[in-house]
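Scroll down for the structure; my scribbles are underneath it.
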Amino acid sequence: MKVEAARAALNAINPDVEVVALYQRVKDFSELVRKADVVLDCSDNFATRHALNRACVAAKKPLVAGAAIRFDAQLMVFDLSKPTSPCYSCLFPEDAEVEEVQCSVMGVFAPLTGVIGAMQAMEAIKLVAGVGTSLHGRLQVYDAMNAEWRSVKVTKDLSCGVCREK
């Protein structure tokens, strides 16, 4: 199984880290998110991204989101421990009309997932260690075809259906 292979590989690198391998599809992220210090979203669909976002908002846990399709990628930190932080739904509302484009159909430049995954890991480590400046409040967009990064400031949507004060 892939999860067992991943667990074994991670434990070979660092045997002092406890890796919990989940063998089933997660339907409710609440308990897993509550136990985490930082959540990394490496999923490939909006339903999972929004479910993780809701759980992180409820638990006030930082969410490091990364995505890649074709030669384009994006990366952002939603530090939901801060009351002024935007959440994933502030940027991509759940009720928005979005065409779901999947890697299985459109493809992805394989090295790009490694780049974004490494950047997510770096942002997570900075958050846990409390060092440096995170991407909180900034969306990084990468065009791998032209090797160009763009940064877009993202603010909290006061009418967001997920993170607004109720």
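Letters A, B, ... go to the chains of the structure tokens in the order shown; residues in each chain start at 1; ligands are counted from 1 in the same order.
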Q: Can you list, as a PyMOL selection string, all residues belonging to range 39-161 of chain A that DSSP tags as alpha helix (DSSP H)?
A: chain A and resi 46-59+88-91+103-106+110-129
Counting only C-alpha atoms, give me one row per residue of range 3-63 of chain A with an atom at most 12 Å from an atom of range 124-127 of chain A, showing the shortest contact pair and its distance in Å to one decimal, sorted by chain then residue number, as a Markdown table.
| residue | atom | partner | partner_atom | distance |
| --- | --- | --- | --- | --- |
| A:Ala36 | CA | A:Ala124 | CA | 11.2 |
| A:Asp37 | CA | A:Leu127 | CA | 8.8 |
| A:Val38 | CA | A:Ala124 | CA | 6.4 |
| A:Val39 | CA | A:Ala124 | CA | 7.9 |
| A:Leu40 | CA | A:Ala124 | CA | 7.5 |
| A:Asp41 | CA | A:Ala124 | CA | 10.9 |
| A:Lys61 | CA | A:Leu127 | CA | 10.7 |
| A:Pro62 | CA | A:Leu127 | CA | 8.1 |
| A:Leu63 | CA | A:Ala124 | CA | 8.6 |
Write out, as an mmCIF file, in the first residue's frame, the residues just selected, with N, CA and C atoms.
data_model
loop_
_atom_site.group_PDB
_atom_site.id
_atom_site.type_symbol
_atom_site.label_atom_id
_atom_site.label_comp_id
_atom_site.auth_asym_id
_atom_site.auth_seq_id
_atom_site.Cartn_x
_atom_site.Cartn_y
_atom_site.Cartn_z
ATOM 1 N N ALA A 36 -3.225 18.422 14.928
ATOM 2 C CA ALA A 36 -2.076 18.910 14.154
ATOM 3 C C ALA A 36 -1.620 20.294 14.612
ATOM 4 N N ASP A 37 -0.348 20.571 14.402
ATOM 5 C CA ASP A 37 0.173 21.919 14.631
ATOM 6 C C ASP A 37 -0.033 22.775 13.384
ATOM 7 N N VAL A 38 0.163 22.167 12.229
ATOM 8 C CA VAL A 38 0.010 22.813 10.928
ATOM 9 C C VAL A 38 -0.579 21.779 9.976
ATOM 10 N N VAL A 39 -1.454 22.221 9.082
ATOM 11 C CA VAL A 39 -2.071 21.322 8.102
ATOM 12 C C VAL A 39 -1.561 21.691 6.712
ATOM 13 N N LEU A 40 -1.116 20.702 5.957
ATOM 14 C CA LEU A 40 -0.695 20.911 4.579
ATOM 15 C C LEU A 40 -1.749 20.314 3.657
ATOM 16 N N ASP A 41 -2.289 21.138 2.770
ATOM 17 C CA ASP A 41 -3.276 20.670 1.801
ATOM 18 C C ASP A 41 -2.564 20.378 0.492
ATOM 19 N N LYS A 61 -6.247 26.516 13.149
ATOM 20 C CA LYS A 61 -4.944 25.935 12.813
ATOM 21 C C LYS A 61 -4.445 26.489 11.485
ATOM 22 N N PRO A 62 -3.154 26.735 11.360
ATOM 23 C CA PRO A 62 -2.595 27.203 10.090
ATOM 24 C C PRO A 62 -2.750 26.149 8.989
ATOM 25 N N LEU A 63 -3.072 26.635 7.791
ATOM 26 C CA LEU A 63 -3.248 25.779 6.620
ATOM 27 C C LEU A 63 -2.266 26.240 5.547
#
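Distances here use only C-alpha atoms; by that measure, the residue among A:Thr155, A:Ile116, A:Ser30, A:Ala67 closest to Asp44 in chain A is A:Ala67.
Taking CA of Thr84 in chain A and CA of Cys163 in chain A as the two end points, the separation is 9.7 Å.
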Q.
Need the shell around Lys2 in chain A: protein/DNA/RNA residues with any atom at most 10 Å away, counting only C-alpha atoms. Skip same-chain ones fewer than 5 positions apart. Format as a list in words?
A.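 Selected residues are Arg7, Ala8, Ala21 and Tyr23 of chain A.
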**Q.** DSSP-assigned strand (DSSP E) among chain A, expressed as a PyMOL selection string
**A.** chain A and resi 39-41+63-69+72-78+138-143+148-153
Just write the chosen residues, N, CA and C atoms, as a compact mmCIF listing (two decimals), in the first residue's frame.
# COMPACT_ATOMS: atom_id res chain seq x y z
N VAL A 39 -1.45 22.22 9.08
CA VAL A 39 -2.07 21.32 8.10
C VAL A 39 -1.56 21.69 6.71
N LEU A 40 -1.12 20.70 5.96
CA LEU A 40 -0.69 20.91 4.58
C LEU A 40 -1.75 20.31 3.66
N ASP A 41 -2.29 21.14 2.77
CA ASP A 41 -3.28 20.67 1.80
C ASP A 41 -2.56 20.38 0.49
N LEU A 63 -3.07 26.64 7.79
CA LEU A 63 -3.25 25.78 6.62
C LEU A 63 -2.27 26.24 5.55
N VAL A 64 -1.43 25.32 5.07
CA VAL A 64 -0.49 25.60 4.00
C VAL A 64 -1.02 24.90 2.76
N ALA A 65 -1.53 25.70 1.81
CA ALA A 65 -2.20 25.14 0.63
C ALA A 65 -1.30 25.25 -0.59
N GLY A 66 -1.20 24.15 -1.32
CA GLY A 66 -0.44 24.14 -2.57
C GLY A 66 -1.23 23.42 -3.64
N ALA A 67 -1.05 23.85 -4.87
CA ALA A 67 -1.74 23.21 -5.99
C ALA A 67 -0.91 23.37 -7.25
N ALA A 68 -1.03 22.40 -8.17
CA ALA A 68 -0.32 22.46 -9.44
C ALA A 68 -1.15 21.82 -10.52
N ILE A 69 -1.15 22.43 -11.70
CA ILE A 69 -1.82 21.89 -12.87
C ILE A 69 -1.05 22.37 -14.10
N ASP A 72 1.47 25.44 -14.14
CA ASP A 72 1.11 26.51 -13.21
C ASP A 72 0.92 25.96 -11.80
N ALA A 73 1.33 26.75 -10.82
CA ALA A 73 1.17 26.32 -9.43
C ALA A 73 0.87 27.52 -8.56
N GLN A 74 0.34 27.23 -7.38
CA GLN A 74 0.09 28.28 -6.39
C GLN A 74 0.36 27.75 -5.00
N LEU A 75 0.70 28.69 -4.13
CA LEU A 75 1.06 28.35 -2.76
C LEU A 75 0.61 29.50 -1.86
N MET A 76 0.00 29.15 -0.71
CA MET A 76 -0.40 30.19 0.24
C MET A 76 -0.50 29.61 1.63
N VAL A 77 -0.24 30.46 2.61
CA VAL A 77 -0.41 30.10 4.01
C VAL A 77 -1.61 30.88 4.54
N PHE A 78 -2.54 30.15 5.14
CA PHE A 78 -3.69 30.75 5.81
C PHE A 78 -3.46 30.52 7.30
N ARG A 138 -0.47 36.19 1.48
CA ARG A 138 0.05 36.35 0.11
C ARG A 138 -0.09 35.05 -0.65
N LEU A 139 -0.66 35.14 -1.83
CA LEU A 139 -0.75 34.00 -2.75
C LEU A 139 0.44 34.07 -3.69
N GLN A 140 1.24 33.01 -3.69
CA GLN A 140 2.36 32.91 -4.63
C GLN A 140 1.89 32.09 -5.82
N VAL A 141 2.03 32.63 -7.01
CA VAL A 141 1.64 31.94 -8.23
C VAL A 141 2.91 31.72 -9.05
N TYR A 142 3.13 30.49 -9.48
CA TYR A 142 4.34 30.16 -10.22
C TYR A 142 4.00 29.69 -11.63
N ASP A 143 4.63 30.31 -12.61
CA ASP A 143 4.52 29.92 -14.01
C ASP A 143 5.82 29.19 -14.35
N GLU A 148 8.60 32.17 -13.62
CA GLU A 148 8.24 33.45 -13.02
C GLU A 148 7.29 33.26 -11.84
N TRP A 149 7.61 33.94 -10.73
CA TRP A 149 6.74 33.97 -9.55
C TRP A 149 6.01 35.29 -9.52
N ARG A 150 4.75 35.27 -9.12
CA ARG A 150 3.99 36.49 -8.85
C ARG A 150 3.43 36.36 -7.45
N SER A 151 3.32 37.48 -6.77
CA SER A 151 2.76 37.50 -5.43
C SER A 151 1.52 38.38 -5.43
N VAL A 152 0.43 37.86 -4.88
CA VAL A 152 -0.83 38.59 -4.82
C VAL A 152 -1.27 38.68 -3.36
N LYS A 153 -1.50 39.90 -2.89
CA LYS A 153 -1.96 40.08 -1.51
C LYS A 153 -3.42 39.63 -1.41
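Take the candidates A:Glu94, A:Asp28, A:Asp16, A:Asp79 and check each one against Gly161 in chain A using only C-alpha atoms; the shortest distance goes to A:Glu94.
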(Q) Taking only C-alpha atoms into account, name the residue in A:Leu135, A:Leu22, A:Ala12, A:Ala55 that is nearest to Met119 in chain A. (A)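 Smallest separation from Met119 in chain A among the options: A:Leu135.
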Q | Among the residues A:Lys27, A:Arg34, A:Lys156, A:Arg70, the one that comes closest to Tyr88 in chain A [using only C-alpha atoms] | A |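 The shortest atom-to-atom distance to Tyr88 in chain A comes from A:Lys156.
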Q.
Ranking A:Gln24, A:Lys60, A:Met1, A:Cys42 by minimum distance to Ala121 in chain A and counting only C-alpha atoms, which one comes first?
A. A:Cys42
Q | Pick from A:Ala147, A:Cys160, A:Leu112, A:Thr133, whichever lies nearest to Ala96 in chain A using only C-alpha atoms | A |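 Of A:Ala147, A:Cys160, A:Leu112, A:Thr133, the one nearest Ala96 in chain A, counting only C-alpha atoms, is A:Cys160.
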Q: Calculate how many Å separate CA of Val128 in chain A from CA of Cys90 in chain A, rounding to one decimal.
A: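 Distance reported for this atom pair: 23.8 Å.
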